[in-house]
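For reference, the structure is listed below as structure tokens.
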Amino acid sequence: MCGIVGYLGHRDALEVIIKGLKRLEYRGYDSAGIALMNGSLNIYKKKGKVSELEEHLKTQQNLKSNIGIGHTRWATHGEPNDTNAHPHYSFNKDLAIIHNGIIENYASLKEDLMRRGHVFLSETDSEVFIHLIEDIKEHHACKLDDAVRIALTQVVGAYAIAIMSQSEPGRLIAARKGSPLVIGVGKGEFFVASDASPIIEYTNEVVYLNDYEIAVLDNQTGLTITTIEDVKTIPYIQKLELELEAIEKGGYEHFMLKEIFEQPKSLTDAMRGRVDAVRGHLVLGGLRDYANTLLNADRIIILACGTSWHAGLVAEYIFEEFTRIPVEVDYASEFRYRNPVIREKDVVIAISQSGETADTLAALELAKSKGAIIFGICNVVGSSIARATHAGAYLHAGPEIGVASTKAFTAQVTVLSMIAIQVGYKKGVLSDKQFHEMLAEIEAIPSKVKKVLELNDKIQMISSKFKDARNALYLGRGYNFPVALEGALKLKEISYIHAEGYPAAEMKHGPIALIDEEMPVICIATKDSSYEKIVSNIQEVKARKGRVIAIVTEGDHEVGKMAEFTLEVPNTHEALMPIISVIPLQLLSYHIAVMRGCNVDQPRNLAKSVTVE
């Protein structure tokens, strides 16, 4: 869960790398560092954010270089400090490495290297990695890329690495397994990065490295890619569709606020070319070859983590209602450790915004090994999950930079809803009339979300009343129960207020003991099949003097008589309501976090792309 940037070419490497690190800082911000070939191989690193590294660099001399590597860290091995920051030198300081991932057998490797005289300065597994590579290079008297290849056969775990060498000053070596790495190909220059955001300013041509591939970037011979078995492969160059403006704040104070307000567009883009309510068309091209597999599935297993898991919970309700196929939703992080039962006609759906979530990748690989057909739902083109699955659908939501997911959640629910509606119609569960009505409802969602965003000023006012709360309770029923979980997660992630989401009926089985006159209770009480029940639950909260904030359907005045604050949202089919009802909760969390002085885009201890298990 770190950010990697590398450069080789004719530009000032420092400028390219620092700018790239800022764009990747959402991936990790415990520390940052850079290695440059400026007379010799020199490393500069600092605990904290990239801005603190920049200040440190202002005190240094002679930073001109045309080759370099940079890194932002999210700590796994060793606390965040200057010493544990990347890059790391090898023992003789001929090599420098940046590493995203985790080396599981680093302790045994370290012991062996120490017996051979190696001395380590940091607590990291990454320093062990580069010492191992140097030890192999010296022992076998081989070139750096050969030493890397041999080392990769000895390490266990996940990695995306970039390495430079003082003795081979015109080369960068990059390799990956289980962590993303992309190579940018420019005119007489090359870029290495964890994702495309540091590259798009300079070139739109990229190569996505596959697992167990090693790339050699050479200022004389160009780009060479080989496998860990030393088999040369032909680089497949793809054109990026990403626009530079998409990764800038665009006048918003934070990326999170920008991404919340982008949702009318991101939802439209998720539907573009897929839904045509007038003609009665619903097409998901990525699933076409496996359409019958879904139609004939005995069971659907959804694997995801965090916010994506909440989207999966919404999908469970939708699939079971519209397709009558049983659904199980599993935390991907638990799935692979419980010897799951996977049958011949099971279909597994893996959901991940980044497409790189290590737990989800590991879980789907387990399901795949047992013969399951795997569908992927992710946002990042060319990501590991997109390539590991049999079929799937991209969200097309655009880059999501804020660590707390917002537009990806609503796009996930939208895409999953479209899949369920299509399967349900083809199975005959949905009639022609119901099918066309659902398509019309889906097409109307972006305009309804736009209307919800008009509540922003009111939500900001409500936020000011609850910014000092120490706890919060979120309640929902049916389709809105996962929304309660997601609302609570957002508040926890970015404001550091303890919050819990519950099915409203479960409140009386424990959480009701927490309610007093200081407890904000956020109730999603839109007009649906559970409406009368949740009204009763709100009355129970009021009887204990809880402070109720209610999300209600436009024109509902009954709940307003009980709630301290109400937020009215447009009506839609209850299966699609989570896409609408979650928006006020996103804004509530955002404004409370800002008022508490929290770093909204980069909350403490969190990173965007969780590429370690």
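Residues in the structure tokens are named by chain (A, B, ... in the order shown) and by number from 1 within that chain; ligands are numbered from 1 in the order shown.
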
Region 546-550 of chain A: which residues within 8 Å, counting only C-alpha atoms, same-chain residues fewer than 3 positions away excluded, as an mmCIF file with N, CA, C and O atoms, in the first residue's frame?
```cif
data_model
loop_
_atom_site.group_PDB
_atom_site.id
_atom_site.type_symbol
_atom_site.label_atom_id
_atom_site.label_comp_id
_atom_site.auth_asym_id
_atom_site.auth_seq_id
_atom_site.Cartn_x
_atom_site.Cartn_y
_atom_site.Cartn_z
ATOM 1 N N ILE A 515 -27.832 4.625 23.938
ATOM 2 C CA ILE A 515 -28.519 5.842 23.519
ATOM 3 C C ILE A 515 -28.828 6.737 24.714
ATOM 4 O O ILE A 515 -29.392 6.305 25.719
ATOM 5 N N ASP A 516 -28.432 8.005 24.574
ATOM 6 C CA ASP A 516 -28.774 9.032 25.562
ATOM 7 C C ASP A 516 -28.926 10.348 24.821
ATOM 8 O O ASP A 516 -28.922 10.395 23.586
ATOM 9 N N GLU A 517 -29.053 11.425 25.579
ATOM 10 C CA GLU A 517 -29.333 12.730 24.954
ATOM 11 C C GLU A 517 -28.161 13.289 24.151
ATOM 12 O O GLU A 517 -28.306 14.301 23.460
ATOM 13 N N GLU A 518 -26.987 12.646 24.216
ATOM 14 C CA GLU A 518 -25.840 13.109 23.449
ATOM 15 C C GLU A 518 -25.558 12.246 22.222
ATOM 16 O O GLU A 518 -24.663 12.555 21.443
ATOM 17 N N MET A 519 -26.297 11.159 22.068
ATOM 18 C CA MET A 519 -26.017 10.200 20.993
ATOM 19 C C MET A 519 -26.742 10.563 19.702
ATOM 20 O O MET A 519 -27.978 10.501 19.632
ATOM 21 N N PRO A 520 -25.991 10.933 18.616
ATOM 22 C CA PRO A 520 -26.642 11.100 17.319
ATOM 23 C C PRO A 520 -26.999 9.735 16.732
ATOM 24 O O PRO A 520 -26.167 8.818 16.718
ATOM 25 N N VAL A 521 -28.233 9.592 16.291
ATOM 26 C CA VAL A 521 -28.694 8.349 15.669
ATOM 27 C C VAL A 521 -29.186 8.696 14.272
ATOM 28 O O VAL A 521 -30.165 9.434 14.114
ATOM 29 N N ILE A 522 -28.474 8.198 13.277
ATOM 30 C CA ILE A 522 -28.800 8.506 11.884
ATOM 31 C C ILE A 522 -29.652 7.365 11.344
ATOM 32 O O ILE A 522 -29.204 6.213 11.286
ATOM 33 N N CYS A 523 -30.879 7.680 10.966
ATOM 34 C CA CYS A 523 -31.841 6.663 10.538
ATOM 35 C C CYS A 523 -32.164 6.846 9.055
ATOM 36 O O CYS A 523 -32.549 7.941 8.637
ATOM 37 N N ILE A 524 -32.001 5.772 8.296
ATOM 38 C CA ILE A 524 -32.401 5.810 6.887
ATOM 39 C C ILE A 524 -33.818 5.278 6.846
ATOM 40 O O ILE A 524 -34.055 4.078 7.005
ATOM 41 N N ALA A 525 -34.779 6.181 6.650
ATOM 42 C CA ALA A 525 -36.197 5.844 6.810
ATOM 43 C C ALA A 525 -36.983 6.230 5.563
ATOM 44 O O ALA A 525 -38.018 6.903 5.643
ATOM 45 N N ILE A 538 -37.526 4.418 15.321
ATOM 46 C CA ILE A 538 -37.206 5.816 15.617
ATOM 47 C C ILE A 538 -37.915 6.258 16.900
ATOM 48 O O ILE A 538 -37.354 6.984 17.733
ATOM 49 N N VAL A 541 -35.922 5.180 19.769
ATOM 50 C CA VAL A 541 -34.757 6.051 19.986
ATOM 51 C C VAL A 541 -35.186 7.322 20.698
ATOM 52 O O VAL A 541 -34.542 7.767 21.665
ATOM 53 N N LYS A 542 -36.272 7.910 20.235
ATOM 54 C CA LYS A 542 -36.754 9.159 20.849
ATOM 55 C C LYS A 542 -37.127 8.952 22.309
ATOM 56 O O LYS A 542 -36.929 9.826 23.149
ATOM 57 N N ALA A 543 -37.683 7.791 22.635
ATOM 58 C CA ALA A 543 -38.066 7.511 24.019
ATOM 59 C C ALA A 543 -36.856 7.480 24.949
ATOM 60 O O ALA A 543 -36.996 7.655 26.157
ATOM 61 N N VAL A 559 -42.035 11.219 9.831
ATOM 62 C CA VAL A 559 -40.762 11.072 10.529
ATOM 63 C C VAL A 559 -40.264 12.423 11.018
ATOM 64 O O VAL A 559 -39.656 12.539 12.086
ATOM 65 N N GLY A 560 -40.561 13.477 10.258
ATOM 66 C CA GLY A 560 -40.125 14.815 10.638
ATOM 67 C C GLY A 560 -40.662 15.251 11.982
ATOM 68 O O GLY A 560 -40.047 16.086 12.666
ATOM 69 N N MET A 562 -40.751 13.414 14.564
ATOM 70 C CA MET A 562 -39.955 12.754 15.603
ATOM 71 C C MET A 562 -38.472 13.129 15.528
ATOM 72 O O MET A 562 -37.792 13.178 16.544
ATOM 73 N N ALA A 563 -37.969 13.379 14.325
ATOM 74 C CA ALA A 563 -36.537 13.617 14.130
ATOM 75 C C ALA A 563 -36.168 15.060 14.451
ATOM 76 O O ALA A 563 -36.965 15.981 14.235
ATOM 77 N N GLU A 564 -34.965 15.246 14.960
ATOM 78 C CA GLU A 564 -34.451 16.601 15.172
ATOM 79 C C GLU A 564 -34.128 17.253 13.842
ATOM 80 O O GLU A 564 -34.344 18.458 13.655
ATOM 81 N N PHE A 565 -33.627 16.448 12.898
ATOM 82 C CA PHE A 565 -33.306 16.935 11.551
ATOM 83 C C PHE A 565 -33.758 15.888 10.542
ATOM 84 O O PHE A 565 -33.593 14.690 10.766
ATOM 85 N N THR A 566 -34.306 16.354 9.422
ATOM 86 C CA THR A 566 -34.654 15.440 8.329
ATOM 87 C C THR A 566 -34.001 15.911 7.041
ATOM 88 O O THR A 566 -33.842 17.116 6.813
ATOM 89 N N LEU A 567 -33.631 14.953 6.220
ATOM 90 C CA LEU A 567 -33.066 15.224 4.899
ATOM 91 C C LEU A 567 -33.901 14.455 3.887
ATOM 92 O O LEU A 567 -33.928 13.224 3.893
#
```

(message) If we count only C-alpha atoms and set the cut-off at 9 Å, which residues sit around region 37-45 of chain A, ignoring sequence neighbours fewer than 3 positions away in its own chain? Please answer as a ChimeraX atom specification.
(response) /A:31-34,53,56-57,60,62-68,82-83,85-89,93-96,164-166,169

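Among the candidate residues A:Leu303, A:Ile534, A:Leu267, A:Ile385, the one lying nearest to Lys450 (chain A) is A:Leu267, with distances computed using only C-alpha atoms.
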
(request) Could you give me, as an MDAnalysis selection string, the residues within 7 Å of Ala393 (chain A), counting only C-alpha atoms and dropping anything in the same chain fewer than 3 positions from it? (result) chainID A and resid 286 376:378

Output file for the selection above: N, CA and C atoms, as a PDB file, in the first residue's frame:
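part-v5.pdb written:
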```
ATOM      1  N   GLY A 286     -18.921  -7.126 -21.135  1.00  0.00           N
ATOM      2  CA  GLY A 286     -17.897  -7.921 -20.467  1.00  0.00           C
ATOM      3  C   GLY A 286     -18.407  -9.229 -19.907  1.00  0.00           C
ATOM      4  N   GLY A 376     -15.417 -10.185 -12.133  1.00  0.00           N
ATOM      5  CA  GLY A 376     -14.793  -9.067 -11.439  1.00  0.00           C
ATOM      6  C   GLY A 376     -15.562  -7.780 -11.655  1.00  0.00           C
ATOM      7  N   ILE A 377     -15.712  -7.013 -10.588  1.00  0.00           N
ATOM      8  CA  ILE A 377     -16.314  -5.682 -10.662  1.00  0.00           C
ATOM      9  C   ILE A 377     -15.268  -4.722 -10.103  1.00  0.00           C
ATOM     10  N   CYS A 378     -14.623  -3.946 -10.950  1.00  0.00           N
ATOM     11  CA  CYS A 378     -13.593  -3.028 -10.467  1.00  0.00           C
ATOM     12  C   CYS A 378     -13.564  -1.770 -11.321  1.00  0.00           C
TER      13      CYS A 378
END
```
